[in-house]
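Text of query-v4.txt (compact mmCIF, C-alpha atoms and all ligand atoms) as supplied:
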```
# COMPACT_ATOMS: atom_id res chain seq x y z
CA MET X 178 54.80 159.19 -136.95
CA GLY X 179 54.98 159.71 -140.68
CA GLU X 180 56.42 157.97 -143.67
CA LEU X 181 59.90 157.28 -145.02
CA LEU X 182 60.66 156.13 -148.57
CA ILE X 183 64.07 154.47 -148.87
CA TYR X 184 64.96 154.28 -152.56
CA ASN X 185 67.77 153.80 -155.06
CA ALA X 186 69.13 150.79 -153.14
CA GLY X 187 71.81 148.72 -154.90
CA GLN X 188 70.30 145.64 -153.28
CA ILE X 189 67.65 145.10 -150.60
CA PHE X 190 68.53 142.04 -148.52
CA THR X 191 65.27 141.21 -146.75
CA ALA X 192 65.98 138.08 -144.67
CA ALA X 193 62.29 137.36 -145.25
CA GLY X 194 60.61 134.04 -144.54
CA GLY X 195 61.31 133.37 -140.87
CA PRO X 196 64.27 131.80 -139.06
CA ARG X 197 66.50 129.63 -141.24
CA ARG X 198 68.43 126.41 -140.74
CA GLY X 199 70.42 124.02 -142.95
CA ALA X 200 70.53 124.82 -146.66
CA ALA X 201 67.87 127.53 -146.25
CA LEU X 202 70.39 129.68 -144.36
CA ALA X 203 72.31 130.18 -147.61
CA GLU X 204 69.29 130.99 -149.82
CA LYS X 205 69.42 134.57 -151.03
CA THR X 206 66.60 136.74 -149.76
CA VAL X 207 66.72 139.80 -151.98
CA ALA X 208 63.76 142.03 -152.82
CA ALA X 209 62.88 142.46 -156.48
CA GLY X 210 63.27 146.23 -156.50
CA ASP X 211 65.16 149.13 -155.01
CA ALA X 212 62.70 150.78 -152.63
CA LEU X 213 61.13 150.33 -149.23
CA LEU X 214 58.33 152.29 -147.60
CA ALA X 215 57.88 152.70 -143.84
CA ARG X 216 54.81 154.17 -142.17
CA ASP X 217 54.30 154.81 -138.47
CA GLY X 218 57.46 152.88 -137.67
CA LEU X 219 56.50 149.75 -139.60
CA ILE X 220 57.42 148.43 -143.04
CA VAL X 221 54.63 148.79 -145.58
CA ALA X 222 56.24 147.38 -148.73
CA ALA X 223 59.51 146.61 -150.50
CA GLY X 224 59.82 146.48 -154.28
CA PRO X 225 60.36 148.61 -157.39
CA ARG X 226 60.27 152.33 -156.62
CA THR X 227 57.50 152.99 -159.16
CA ASP X 228 55.21 150.58 -157.26
CA VAL X 229 56.25 151.46 -153.74
CA GLU X 230 56.07 155.24 -154.07
CA LYS X 231 52.45 155.04 -155.19
CA LEU X 232 51.67 153.94 -151.64
CA ALA X 233 53.34 157.03 -150.12
CA GLY X 234 51.56 160.21 -149.05
CA ALA X 235 52.54 163.76 -150.00
CA ASP X 236 54.55 164.42 -146.83
CA CYS X 237 56.66 161.27 -147.13
CA GLU X 238 60.33 161.78 -146.24
CA VAL X 239 62.92 160.24 -148.55
CA LEU X 240 66.33 158.61 -148.24
CA ASP X 241 68.23 158.23 -151.52
CA CYS X 242 70.67 155.35 -150.94
CA GLY X 243 72.79 156.12 -154.00
CA GLY X 244 73.04 152.48 -155.02
CA ARG X 245 74.03 151.20 -151.57
CA LEU X 246 73.05 147.95 -149.83
CA VAL X 247 69.95 147.95 -147.61
CA THR X 248 69.61 145.28 -144.91
CA PRO X 249 67.54 144.71 -141.79
CA GLY X 250 69.05 146.51 -138.79
CA LEU X 251 71.54 144.11 -137.24
CA VAL X 252 70.33 142.26 -134.11
CA ASP X 253 73.12 141.63 -131.61
CA CYS X 254 71.77 138.78 -129.47
CA HIS X 255 74.68 138.48 -126.98
CA THR X 256 76.33 141.53 -125.40
CA HIS X 257 77.66 142.68 -122.06
CA LEU X 258 77.21 146.37 -122.93
CA VAL X 259 76.86 147.73 -119.37
CA TYR X 260 79.96 147.68 -117.15
CA GLY X 261 82.44 149.84 -115.32
CA GLY X 262 86.17 150.23 -116.02
CA SER X 263 88.48 148.86 -118.68
CA ARG X 264 90.62 145.74 -119.00
CA ALA X 265 93.22 147.11 -121.42
CA ASP X 266 95.94 146.13 -118.92
CA GLU X 267 94.73 142.53 -119.01
CA TYR X 268 94.75 142.52 -122.79
CA GLU X 269 98.47 143.29 -122.63
CA ARG X 270 99.01 140.54 -120.04
CA ARG X 271 97.33 138.08 -122.37
CA LEU X 272 99.53 139.21 -125.25
CA ALA X 273 102.53 138.49 -123.01
CA GLY X 274 101.33 134.91 -122.51
CA ALA X 275 98.84 134.82 -119.62
CA SER X 276 95.61 132.98 -120.48
CA TYR X 277 92.09 134.33 -120.00
CA LEU X 278 91.30 131.55 -117.49
CA GLU X 279 94.54 132.06 -115.53
CA ILE X 280 93.73 135.75 -115.11
CA PHE X 281 90.11 134.94 -114.17
CA GLU X 282 91.06 132.22 -111.68
CA GLY X 283 93.67 134.58 -110.21
CA GLY X 284 91.03 137.16 -109.26
CA GLY X 285 91.18 139.30 -112.41
CA GLY X 286 89.05 139.03 -115.53
CA ILE X 287 85.34 139.16 -114.71
CA HIS X 288 86.28 139.81 -111.03
CA ALA X 289 88.15 142.98 -112.03
CA THR X 290 85.11 144.30 -113.89
CA VAL X 291 82.92 143.37 -110.90
CA ARG X 292 85.05 145.64 -108.69
CA ASP X 293 84.80 148.53 -111.18
CA THR X 294 81.08 148.00 -111.74
CA ARG X 295 80.31 147.93 -108.02
CA ALA X 296 82.21 151.21 -107.65
CA ALA X 297 80.22 152.87 -110.46
CA SER X 298 76.87 154.61 -109.97
CA GLU X 299 73.86 153.78 -112.11
CA ASP X 300 74.40 157.10 -113.91
CA ASP X 301 78.07 156.25 -114.56
CA LEU X 302 77.05 152.88 -116.03
CA LEU X 303 74.39 154.52 -118.17
CA SER X 304 76.75 157.12 -119.59
CA SER X 305 79.50 154.65 -120.55
CA ALA X 306 76.96 152.22 -122.00
CA ARG X 307 75.33 155.06 -123.94
CA ARG X 308 78.62 155.82 -125.70
CA ARG X 309 78.99 152.17 -126.72
CA ALA X 310 75.34 151.96 -127.77
CA GLU X 311 75.77 155.02 -130.00
CA VAL X 312 78.63 153.19 -131.74
CA PHE X 313 76.35 150.15 -132.16
CA LEU X 314 73.71 152.34 -133.84
CA SER X 315 76.28 154.01 -136.08
CA HIS X 316 77.37 150.52 -137.20
CA GLY X 317 73.86 149.46 -138.19
CA THR X 318 72.84 147.57 -135.03
CA THR X 319 69.26 148.42 -134.07
CA ALA X 320 68.57 145.85 -131.32
CA ALA X 321 70.86 144.38 -128.67
CA GLU X 322 70.49 141.91 -125.88
CA VAL X 323 72.28 143.27 -122.77
CA LYS X 324 73.35 141.15 -119.83
CA SER X 325 73.96 142.01 -116.20
CA GLY X 326 76.60 139.94 -114.39
CA TYR X 327 79.24 142.35 -113.17
CA GLY X 328 77.42 143.32 -109.96
CA LEU X 329 77.00 139.93 -108.26
CA THR X 330 75.18 141.48 -105.31
CA THR X 331 71.43 142.01 -105.50
CA GLU X 332 71.74 145.80 -105.49
CA ASP X 333 74.56 145.91 -108.02
CA GLU X 334 72.79 143.52 -110.40
CA LEU X 335 69.63 145.64 -110.15
CA LYS X 336 71.74 148.75 -110.76
CA MET X 337 73.11 147.27 -114.01
CA LEU X 338 69.66 146.23 -115.22
CA ARG X 339 68.15 149.61 -114.36
CA ALA X 340 70.92 151.28 -116.38
CA ALA X 341 70.13 148.94 -119.31
CA ALA X 342 66.42 149.81 -119.08
CA ARG X 343 67.17 153.55 -119.10
CA LEU X 344 69.47 153.06 -122.09
CA GLY X 345 66.62 151.52 -124.07
CA LYS X 346 64.39 154.49 -123.24
CA GLU X 347 66.99 157.14 -124.09
CA LEU X 348 68.26 155.74 -127.39
CA PRO X 349 66.54 154.24 -130.44
CA LEU X 350 68.53 151.03 -129.86
CA LYS X 351 66.09 148.32 -128.73
CA ILE X 352 67.40 146.65 -125.58
CA ILE X 353 66.50 143.11 -124.50
CA PRO X 354 67.67 142.60 -120.90
CA THR X 355 69.13 139.39 -119.47
CA PHE X 356 69.91 138.63 -115.82
CA LEU X 357 73.39 137.05 -115.65
CA GLY X 358 73.91 137.06 -111.88
CA ALA X 359 75.47 133.61 -112.36
CA HIS X 360 78.42 135.02 -114.30
CA ALA X 361 81.07 134.16 -111.67
CA ILE X 362 81.24 133.11 -108.03
CA PRO X 363 82.28 136.41 -106.40
CA SER X 364 85.46 136.21 -104.32
CA GLU X 365 83.58 136.72 -101.03
CA TYR X 366 81.67 133.48 -101.76
CA ALA X 367 84.68 131.47 -103.00
CA ASP X 368 84.46 129.03 -100.06
CA ARG X 369 80.68 128.82 -99.95
CA ARG X 370 79.48 128.41 -103.51
CA ASP X 371 76.15 126.93 -102.43
CA ASP X 372 75.33 130.09 -100.52
CA PHE X 373 75.86 132.14 -103.67
CA VAL X 374 73.62 129.83 -105.71
CA ALA X 375 70.98 130.21 -102.98
CA LEU X 376 71.39 133.99 -103.11
CA LEU X 377 70.78 133.84 -106.86
CA THR X 378 67.71 131.63 -106.63
CA ASP X 379 66.12 132.96 -103.44
CA GLU X 380 66.92 136.65 -103.51
CA MET X 381 68.29 137.97 -106.78
CA ILE X 382 65.90 136.30 -109.24
CA PRO X 383 62.81 137.33 -107.22
CA ALA X 384 64.15 140.91 -106.92
CA VAL X 385 64.84 141.15 -110.66
CA THR X 386 61.45 139.76 -111.66
CA ALA X 387 59.59 141.88 -109.10
CA GLU X 388 60.90 144.98 -110.88
CA GLY X 389 60.39 143.45 -114.33
CA LEU X 390 64.01 144.17 -115.19
CA ALA X 391 64.87 141.07 -117.23
CA GLU X 392 63.30 138.96 -119.94
CA TYR X 393 65.97 136.24 -119.93
CA ALA X 394 68.29 134.59 -117.42
CA ASP X 395 71.74 133.32 -118.34
CA VAL X 396 74.51 131.34 -116.57
CA PHE X 397 78.22 131.02 -117.42
CA CYS X 398 78.49 127.22 -117.33
CA ASP X 399 82.18 126.48 -117.81
CA ARG X 400 85.45 125.80 -116.09
CA GLY X 401 86.14 128.45 -113.46
CA ALA X 402 82.48 129.49 -113.36
CA PHE X 403 79.34 127.36 -112.68
CA ASN X 404 79.10 123.57 -112.94
CA VAL X 405 76.14 121.77 -114.49
CA ASP X 406 74.29 121.14 -111.20
CA GLU X 407 74.60 124.77 -110.14
CA THR X 408 73.54 125.87 -113.63
CA ARG X 409 70.47 123.65 -113.52
CA ALA X 410 69.45 125.07 -110.14
CA VAL X 411 69.74 128.68 -111.31
CA LEU X 412 68.00 128.09 -114.66
CA ALA X 413 65.16 126.17 -112.98
CA ALA X 414 64.56 128.98 -110.48
CA ALA X 415 64.66 131.54 -113.29
CA ARG X 416 62.22 129.55 -115.41
CA ASP X 417 59.87 129.13 -112.45
CA ALA X 418 59.99 132.89 -111.96
CA GLY X 419 58.86 133.42 -115.57
CA LEU X 420 62.20 134.22 -117.21
CA LYS X 421 63.23 132.69 -120.53
CA LEU X 422 66.63 131.03 -120.63
CA ARG X 423 69.98 131.50 -122.38
CA LEU X 424 73.30 129.88 -121.51
CA HIS X 425 77.06 130.47 -121.90
CA ALA X 426 78.46 127.00 -122.52
CA ASP X 427 81.34 125.10 -124.09
CA GLU X 428 83.61 128.14 -124.38
CA PHE X 429 86.59 126.47 -122.66
CA GLU X 430 85.49 123.00 -121.49
CA PRO X 431 82.45 120.96 -122.52
CA LEU X 432 80.74 120.30 -119.18
CA GLY X 433 77.35 119.27 -120.62
CA GLY X 434 75.80 122.73 -120.54
CA THR X 435 74.67 122.58 -124.16
CA GLU X 436 72.69 119.39 -123.59
CA LEU X 437 71.22 120.90 -120.41
CA ALA X 438 70.18 124.08 -122.26
CA VAL X 439 68.38 122.06 -124.93
CA GLU X 440 66.74 119.83 -122.30
CA MET X 441 65.45 122.90 -120.45
CA GLY X 442 64.14 124.52 -123.64
CA ALA X 443 66.53 127.46 -123.52
CA ALA X 444 66.15 130.08 -126.24
CA SER X 445 69.87 129.96 -126.93
CA VAL X 446 73.16 128.39 -125.97
CA ASP X 447 76.12 130.60 -126.71
CA HIS X 448 79.88 130.24 -127.45
CA LEU X 449 80.10 126.50 -128.37
CA ALA X 450 83.79 126.80 -129.24
CA VAL X 451 84.42 123.29 -127.88
CA VAL X 452 80.94 121.79 -128.30
CA THR X 453 80.94 117.97 -128.51
CA THR X 454 79.21 115.73 -131.03
CA ALA X 455 76.54 115.03 -128.40
CA GLY X 456 76.01 118.78 -128.03
CA ILE X 457 75.68 119.25 -131.80
CA ASP X 458 73.22 116.35 -131.97
CA ALA X 459 71.14 117.86 -129.17
CA LEU X 460 71.02 121.25 -130.92
CA ALA X 461 70.29 119.76 -134.35
CA GLY X 462 66.70 118.82 -133.71
CA SER X 463 65.85 121.63 -131.32
CA ASP X 464 64.59 125.21 -131.37
CA THR X 465 67.45 126.31 -129.10
CA VAL X 466 69.58 128.67 -131.16
CA ALA X 467 73.34 128.08 -131.31
CA VAL X 468 74.79 131.58 -130.87
CA LEU X 469 78.36 131.72 -132.16
CA LEU X 470 80.78 134.43 -131.02
CA PRO X 471 83.75 134.41 -133.41
CA GLY X 472 84.97 137.83 -132.25
CA THR X 473 85.72 136.32 -128.84
CA THR X 474 87.80 133.53 -130.33
CA VAL X 475 89.79 136.06 -132.35
CA PHE X 476 90.23 138.44 -129.39
CA LEU X 477 91.39 135.60 -127.13
CA GLY X 478 93.93 134.53 -129.75
CA SER X 479 92.44 131.05 -129.75
CA SER X 480 92.04 128.72 -132.69
CA HIS X 481 88.96 126.95 -131.28
CA PHE X 482 86.27 128.46 -133.46
CA ALA X 483 82.80 127.03 -133.00
CA PRO X 484 82.13 124.34 -135.65
CA ALA X 485 79.67 126.45 -137.60
CA ARG X 486 79.61 124.20 -140.66
CA LYS X 487 78.91 121.09 -138.60
CA LEU X 488 76.13 122.89 -136.72
CA ILE X 489 74.55 124.24 -139.90
CA ASP X 490 74.85 120.92 -141.71
CA ALA X 491 73.33 119.11 -138.72
CA GLY X 492 70.31 121.42 -138.95
CA ALA X 493 70.87 123.56 -135.87
CA LEU X 494 69.55 127.12 -135.86
CA VAL X 495 72.67 129.30 -135.93
CA ALA X 496 72.96 132.97 -134.97
CA VAL X 497 76.09 135.09 -134.55
CA ALA X 498 76.63 137.91 -132.04
CA SER X 499 79.36 140.32 -130.96
CA ASP X 500 79.71 139.26 -127.28
CA HIS X 501 80.86 142.85 -126.71
CA ASN X 502 82.41 142.85 -123.21
CA PRO X 503 85.44 144.42 -121.51
CA GLY X 504 87.54 141.25 -121.36
CA SER X 505 87.14 138.53 -123.94
CA CYS X 506 85.84 140.62 -126.85
CA HIS X 507 86.13 144.39 -126.75
CA ALA X 508 84.73 144.67 -130.29
CA ALA X 509 83.10 147.96 -131.20
CA SER X 510 80.05 146.24 -132.66
CA LEU X 511 78.64 143.26 -134.51
CA ARG X 512 79.55 144.92 -137.86
CA THR X 513 83.25 144.78 -137.01
CA ILE X 514 83.25 140.99 -136.72
CA LEU X 515 81.35 140.15 -139.91
CA THR X 516 84.40 139.67 -142.12
CA PRO X 517 86.60 137.72 -139.66
CA GLY X 518 83.45 135.85 -138.62
CA THR X 519 82.75 134.52 -142.11
CA THR X 520 86.44 133.86 -142.70
CA TYR X 521 86.94 131.70 -139.62
CA LEU X 522 83.49 130.12 -139.30
CA LYS X 523 83.50 129.43 -143.06
CA MET X 524 79.98 130.76 -143.46
CA THR X 525 78.89 132.51 -146.64
CA PRO X 526 77.99 136.21 -146.48
CA THR X 527 74.32 135.31 -146.98
CA GLU X 528 74.42 132.76 -144.16
CA MET X 529 76.10 135.26 -141.87
CA LEU X 530 73.66 138.05 -142.65
CA HIS X 531 70.73 135.76 -141.85
CA ALA X 532 72.56 134.73 -138.67
CA VAL X 533 72.87 138.35 -137.44
CA THR X 534 69.33 139.38 -138.41
CA ILE X 535 66.39 136.98 -138.51
CA ASN X 536 68.00 134.10 -136.61
CA ALA X 537 69.33 136.45 -133.93
CA ALA X 538 65.86 138.02 -133.63
CA TYR X 539 64.35 134.54 -133.28
CA SER X 540 66.73 133.73 -130.44
CA LEU X 541 65.38 136.82 -128.68
CA GLY X 542 61.74 135.86 -129.23
CA ARG X 543 61.29 138.71 -131.72
CA ALA X 544 61.23 137.02 -135.14
CA ASP X 545 57.69 138.36 -135.58
CA ARG X 546 58.78 141.99 -135.16
CA LEU X 547 62.52 142.31 -135.91
CA GLY X 548 65.26 140.87 -138.10
CA SER X 549 63.73 141.06 -141.58
CA LEU X 550 62.32 143.62 -144.00
CA GLU X 551 58.73 142.43 -144.39
CA PRO X 552 55.41 144.27 -144.24
CA GLY X 553 54.19 144.74 -140.67
CA LYS X 554 57.60 144.46 -139.04
CA ALA X 555 59.54 147.29 -137.39
CA ALA X 556 61.20 149.55 -139.95
CA ASP X 557 64.68 148.97 -138.50
CA VAL X 558 67.07 149.24 -141.43
CA ALA X 559 70.79 149.55 -142.07
CA VAL X 560 72.25 151.07 -145.24
CA PHE X 561 75.85 150.11 -145.91
CA ASP X 562 78.36 151.61 -148.31
CA ALA X 563 78.53 148.46 -150.42
CA ALA X 564 76.70 147.47 -153.59
CA ASP X 565 75.57 144.07 -152.34
CA VAL X 566 75.98 141.50 -149.58
CA ASP X 567 79.14 139.93 -151.01
CA GLU X 568 80.84 143.33 -151.18
CA LEU X 569 79.79 144.14 -147.59
CA PHE X 570 81.79 141.20 -146.29
CA TYR X 571 84.65 141.62 -148.75
CA ASP X 572 85.14 145.15 -147.42
CA TRP X 573 87.05 144.48 -144.20
CA GLY X 574 87.36 147.82 -142.52
CA PRO X 575 84.59 150.31 -143.09
CA THR X 576 82.69 149.72 -139.91
CA ARG X 577 80.13 152.50 -139.89
CA ALA X 578 76.83 152.19 -141.65
CA TRP X 579 76.00 154.89 -144.19
CA ALA X 580 72.61 155.27 -142.53
CA THR X 581 70.68 153.58 -139.73
CA VAL X 582 66.89 153.71 -139.49
CA ALA X 583 64.98 152.72 -136.35
CA ASP X 584 61.18 152.53 -136.28
CA GLY X 585 61.05 154.33 -139.62
CA LYS X 586 63.25 157.28 -138.54
CA VAL X 587 66.78 158.01 -139.69
CA VAL X 588 68.74 157.86 -136.43
CA TYR X 589 72.24 157.93 -137.89
CA ARG X 590 73.74 159.35 -141.08
CA ASP X 591 77.38 159.17 -142.06
CA ALA X 592 79.23 160.58 -145.02
CA PRO X 593 82.50 158.67 -145.12
CA PRO X 594 84.63 158.68 -148.26
CA ARG X 595 83.47 155.79 -150.43
CA PHE X 596 85.62 152.68 -150.11
CA ASN X 597 84.32 151.37 -153.43
CA PRO X 598 84.26 153.56 -156.55
O1 LIG S 1 80.83 135.79 -122.99
N1 LIG S 1 82.50 133.93 -120.88
C1 LIG S 1 81.91 134.61 -120.06
N2 LIG S 1 81.46 135.86 -120.20
C2 LIG S 1 81.92 136.77 -121.18
C3 LIG S 1 83.23 137.39 -120.84
C4 LIG S 1 83.12 138.28 -119.69
C5 LIG S 1 84.37 139.00 -119.33
O2 LIG S 1 85.50 138.52 -119.56
O3 LIG S 1 84.21 140.08 -118.77
C6 LIG S 1 81.90 136.12 -122.54
O4 LIG S 1 82.95 135.95 -123.19
FE FE S 2 79.17 136.53 -123.03
```
Could you express the structure from this file as structure tokens?
Ligand code: NIG
Ligand code: FE
Amino acid sequence: MGELLIYNAGQIFTAAGGPRRGAALAEKTVAAGDALLARDGLIVAAGPRTDVEKLAGADCEVLDCGGRLVTPGLVDCHTHLVYGGSRADEYERRLAGASYLEIFEGGGGIHATVRDTRAASEDDLLSSARRRAEVFLSHGTTAAEVKSGYGLTTEDELKMLRAAARLGKELPLKIIPTFLGAHAIPSEYADRRDDFVALLTDEMIPAVTAEGLAEYADVFCDRGAFNVDETRAVLAAARDAGLKLRLHADEFEPLGGTELAVEMGAASVDHLAVVTTAGIDALAGSDTVAVLLPGTTVFLGSSHFAPARKLIDAGALVAVASDHNPGSCHAASLRTILTPGTTYLKMTPTEMLHAVTINAAYSLGRADRLGSLEPGKAADVAVFDAADVDELFYDWGPTRAWATVADGKVVYRDAPPRFNP
């Protein structure tokens, strides 16, 4: 596969040393040097160019970063990248005063995207998701978790997951698939919720695992979606079928989903905008990652940001993701929410960059392969048009990376005018 020497970096932020919690989240992880060597898709070394280039062969390709910031490729650990249609009309209704839950409970919201997704073919879903995934790559994201959850019939959920699998084969973006059949009770089951839960546990989960289409299962445990008992039933069936667990909880109402996720050993519990003290305490001593989604809070015009500082200070593992989806956060990528994310969550740039790299990778069971620039790990790298991490976050606006590298290959190059002289 060859070699790539990345050199002349202004700063190499490595995120080395494994997942981070508490004060360690804010410790700077910067390589002493300006160069990085990749061979056969893996990182060989990071350090001063004079040392690193000695390890390179004659045919080594080079990428001169011109003094720019080098980071691990961003890992987006919560997205709904595959779906049909658009909810721009609903965005305008919300601006005029309608709430997200009112629209959802009135048959719009997720239900609207379910109608559009059912009407789309697998090829349609793949081509719209491919466009979004190309934007992700151009913004420095090299791995993304992708959820189903807009089909809500066995065939339509399988269709979404097959599209996600094809996406991962066609693009250098690494895709981690999650079955989210428990995203909403579809309207045809409104009066027989138990039958839908049984469909999830007895038919959909076995069908998804038989085809090996998902690594994780997720449930939207909140007002208007699934209650705690239903959530427990779905997660237990998923776990018994060999899936790892994630959970949407405490976005609108704290029903106890966070405590349940920790009790069941879930890899992550996501949103946490209205998490209680009991929820924070449960997360504090656990390996369940608190995945915060500040872009969603901004996009919904809410002021209930997840209590990032309390979670970090309590010792919870914190990651941040885009939650890209057609309704509650139509953000182009994780990069676009870094500056508002730090502003509203009151995290430092270093904390945030660890949260979207190594901690996000850990939540996806990939801390050994992704999320940091260390020898032996995948050479997934983002180069941003900023001198260092502080400047990356201070620059609110340039969203594209200057270069993105996946498995040691340059997969995206941009030449925007420089924002900083
Ligand atoms: O994470 N909250 C539930 N699910 C998504 C939104 C899905 C939608 O509105 O289409 C979320 O925000
Ligand atoms: Fe979500």
Legend entry - Selection: 12 Å around Arg543 of chain X, only C-alpha atoms, excl. self and same-chain fewer than 4 positions, as a VMD selection string: chain X and resid 195 to 196 252 254 320 to 322 351 to 353 392 444 534 to 539 547 to 549 554 to 555
Legend entry - Close residues to ligand LIG 1 (chain S) using all atoms listed in the file, limit 9 Å, as number ranges by chain: X: 255-257, 260, 264, 277, 281, 286-291, 326-327, 360-361, 396-399, 402, 425-426, 428-429, 447-448, 470, 473-474, 500-506
Inset, instruction - For segment 201-207 of chain X, please output as a VMD selection string all residues within 8 Å (counting all atoms listed in the file; exclusion window: fewer than 4 positions along the same chain). - result: chain X and resid 188 to 193 197 525 527 to 528 531 to 532
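For the choices X:Leu232, X:Leu344, X:Ala208, X:Ala556, the atom-to-atom distance to Leu246 of chain X is smallest for X:Ala208 when using all atoms listed in the file.
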Inset, instruction - Using atom CA of Glu230 of chain X and atom CA of Arg590 of chain X as the two end points, give the distance in Å to one decimal. - result: 22.3 Å
Legend entry - Close residues, Met529 of chain X itself excluded, 10 Å, all atoms listed in the file, min 6 positions apart in chain, as a ChimeraX atom specification: /X:202-203,495-497,515-516,518-519,522-523,536,566,570
Inset, instruction - Considering all atoms listed in the file, state which residue in the set X:Gly358, X:Pro471, X:Pro363, X:Pro383 is at the smallest distance from Thr408 of chain X. - result: X:Gly358
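Between atom CA of Ser479 of chain X and atom CA of Phe403 of chain X the interatomic distance comes to 21.8 Å.
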Inset, instruction - Using all atoms listed in the file, find the one residue out of X:Gly244, X:Arg198, X:Tyr268, X:Leu182 that sits nearest to Arg216 of chain X. - result: X:Leu182
Legend entry - Residue with smallest distance to Ala209 of chain X - pool X:Ala418, X:Leu494, X:Leu412, X:Ala186, counting all atoms listed in the file: X:Ala186
Inset, instruction - Would you work out the distance separating atom CA of Leu240 of chain X from atom CA of Tyr184 of chain X, expressed in Å to one decimal? - result: 6.3 Å
